[in-house]
file coords02.txt (compact mmCIF, C-alpha atoms and all ligand atoms)
# COMPACT_ATOMS: atom_id res chain seq x y z
CA MET I 1 2.70 2.31 -15.79
CA MET I 2 -0.47 0.81 -14.33
CA TYR I 3 -0.38 -1.12 -11.09
CA ILE I 4 -2.91 -3.37 -9.41
CA HIS I 5 -3.90 -2.22 -5.94
CA TYR I 6 -6.27 -3.71 -3.43
CA CYS I 7 -8.32 -1.79 -0.89
CA LYS I 8 -9.28 -3.96 2.07
CA HIS I 9 -11.78 -1.33 3.25
CA CYS I 10 -13.99 -1.46 0.17
CA GLN I 11 -12.74 -4.94 -0.80
CA ARG I 12 -12.09 -3.85 -4.33
CA ILE I 13 -9.25 -4.11 -6.79
CA HIS I 14 -8.18 -0.78 -8.25
CA ILE I 15 -6.06 -0.39 -11.37
CA LEU I 16 -4.15 2.83 -10.82
CA ASN I 17 -1.50 4.76 -12.72
CA GLY I 18 1.70 4.58 -10.65
CA HIS I 19 2.32 3.50 -7.06
CA LYS I 20 -0.59 4.77 -5.00
CA ASN I 21 -0.95 4.65 -1.23
CA TYR I 22 -4.56 5.70 -0.81
CA CYS I 23 -7.80 4.39 -2.20
CA PRO I 24 -9.48 6.81 -4.66
CA ARG I 25 -12.88 5.66 -3.42
CA CYS I 26 -12.63 5.61 0.39
CA CYS I 27 -9.16 7.14 1.02
CA GLY I 28 -8.16 4.00 2.94
CA HIS I 29 -4.65 2.58 2.74
CA LEU I 30 -4.02 0.50 -0.38
CA SER I 31 -1.92 -2.61 -0.85
CA GLU I 32 -0.01 -2.86 -4.10
CA LEU I 33 -0.20 -6.36 -5.50
CA LYS I 34 2.61 -8.42 -7.03
CA ILE I 35 0.37 -9.23 -9.97
CA SER I 36 1.28 -7.28 -13.07
CA TYR I 37 -1.20 -5.16 -14.97
CA MET I 38 -0.89 -7.34 -18.07
CA LYS I 39 -1.53 -10.49 -16.06
CA TYR I 40 -4.59 -8.97 -14.41
CA VAL I 41 -6.21 -7.68 -17.60
CA ASN I 42 -5.76 -11.09 -19.21
CA MET I 43 -7.54 -12.86 -16.36
CA GLU I 44 -10.94 -14.41 -16.85
CA LYS I 45 -13.88 -12.98 -14.92
CA GLU I 46 -13.90 -16.04 -12.65
CA GLU I 47 -10.18 -15.71 -11.94
CA ARG I 48 -10.66 -12.09 -10.89
CA LEU I 49 -13.51 -13.06 -8.58
CA LEU I 50 -11.35 -15.78 -7.08
CA LEU I 51 -8.51 -13.31 -6.59
CA ARG I 52 -10.82 -10.87 -4.82
CA ARG I 53 -12.02 -13.63 -2.56
CA ARG I 54 -8.43 -14.62 -1.74
CA LEU I 55 -7.52 -10.99 -0.98
CA SER I 56 -10.22 -10.71 1.66
CA ASP I 57 -8.07 -13.11 3.74
CA PRO I 58 -5.31 -11.05 5.45
CA ARG I 59 -2.73 -13.83 5.05
CA GLU I 60 -3.42 -14.18 1.34
CA LEU I 61 -3.31 -10.42 0.99
CA ALA I 62 0.11 -10.27 2.69
CA ALA I 63 1.39 -13.04 0.39
CA LEU I 64 0.17 -11.22 -2.72
CA THR I 65 1.31 -7.73 -1.71
CA ALA I 66 4.42 -6.33 -3.36
CA SER I 67 7.31 -5.76 -0.96
CA PRO I 68 7.03 -2.13 0.17
CA LYS I 69 10.82 -1.93 0.68
CA LYS I 70 11.32 -1.82 -3.07
CA THR I 71 9.12 1.19 -3.68
CA HIS I 72 10.37 4.73 -3.65
CA GLU I 73 7.41 5.90 -1.57
CA TYR I 74 8.38 3.62 1.28
CA ALA I 75 11.95 4.98 1.32
CA LYS I 76 10.54 8.49 1.45
CA TRP I 77 8.20 7.49 4.26
CA LEU I 78 11.12 6.00 6.20
CA GLN I 79 13.15 9.19 5.86
CA LEU I 80 10.16 11.24 6.90
CA SER I 81 9.45 9.19 10.01
CA ALA I 82 13.16 9.19 10.95
CA SER I 83 13.27 12.99 10.86
CA ASN I 84 10.01 13.14 12.84
CA VAL I 85 11.58 11.04 15.58
CA GLU I 86 14.57 13.37 15.66
CA ASN I 87 12.35 16.44 15.99
CA TYR I 88 10.32 14.77 18.67
CA HIS I 89 13.43 14.11 20.76
CA SER I 90 14.92 17.56 20.34
CA GLY I 91 11.52 19.03 21.28
CA ASN I 92 11.47 16.93 24.41
CA TYR I 93 15.00 17.95 25.28
CA ALA I 94 14.09 21.64 24.96
CA ALA I 95 11.07 21.15 27.21
CA TYR I 96 13.14 19.53 29.92
CA SER I 97 15.99 22.06 29.83
CA HIS I 98 13.72 24.92 30.88
ZN ZN V 101 -11.29 1.84 -0.57

call {"tool": "encode", "arguments": {"input": "coords02.txt", "output": "structure tokens"}}
result
Amino acid sequence: MMYIHYCKHCQRIHILNGHKNYCPRCCGHLSELKISYMKYVNMEKEERLLLRRRLSDPRELAALTASPKKTHEYAKWLQLSASNVENYHSGNYAAYSH
């Protein structure tokens, strides 16, 4: 499946295979857009330009970004950060007990 991503660092729209987190061009963090691949490829050139212009506004970008809660990657990230917090605390505890 192809998904539409936007990189605010290079201000470009990237069509990527699967849910990607990082820009293939600048390695910056990507936003996955709610717009479907089929919808995007059927857009006129002017519509795409307009979309890019809208995405340069952070509020518009937030409104057009797919909810990260629904993606598998986000769940994995949550689990990862939760276990990091645990390790951090147990490390602290060990440091204080000596
Ligand atoms: Zn980029």

call {"tool": "closest_residue", "arguments": {"input": "coords02.txt", "among": "I:His14, I:Thr65, I:Gly28, I:Asn21", "to": "ligand ZN 101 (chain V)", "atoms": "only C-alpha atoms and all ligand atoms"}}
result
I:Gly28

call {"tool": "residues_near_ligand", "arguments": {"input": "coords02.txt", "ligand": "ligand ZN 101 (chain V)", "cutoff": "7 Å", "atoms": "all atoms listed in the file", "output": "list in words"}}
result
Cys7, Lys8, His9, Cys10, Gln11, Arg12, Cys23, Pro24, Arg25, Cys26, Cys27 and Gly28 of chain I

call {"tool": "closest_residue", "arguments": {"input": "coords02.txt", "among": "I:Ser56, I:Ala66, I:His5, I:Lys39", "to": "I:Tyr22", "atoms": "all atoms listed in the file"}}
result
I:His5

call {"tool": "closest_residue", "arguments": {"input": "coords02.txt", "among": "I:Arg59, I:Lys34, I:Arg53, I:His19", "to": "I:Met1", "atoms": "all atoms listed in the file"}}
result
I:His19

call {"tool": "closest_residue", "arguments": {"input": "coords02.txt", "among": "I:Ile4, I:Gly18, I:Gln79, I:Ser67", "to": "I:Arg52", "atoms": "all atoms listed in the file"}}
result
I:Ile4

call {"tool": "atom_distance", "arguments": {"input": "coords02.txt", "atom1": "atom CA of I:Tyr3", "atom2": "atom CA of I:Asn42"}}
result
13.9 Å

call {"tool": "closest_residue", "arguments": {"input": "coords02.txt", "among": "I:Met38, I:Leu64, I:Met2, I:Leu49", "to": "I:Ile15", "atoms": "only C-alpha atoms"}}
result
I:Met2

call {"tool": "residues_around", "arguments": {"input": "coords02.txt", "residues": "I:Tyr6", "least_positions_apart": "6", "cutoff": "7 Å", "atoms": "all atoms listed in the file", "output": "PyMOL selection string"}}
result
chain I and resi 12-14+30-33

call {"tool": "atom_distance", "arguments": {"input": "coords02.txt", "atom1": "atom CA of I:Ala62", "atom2": "atom CA of I:Arg48"}}
result
17.4 Å

call {"tool": "atom_distance", "arguments": {"input": "coords02.txt", "atom1": "atom CA of I:Met43", "atom2": "atom CA of I:Leu55"}}
result
15.5 Å
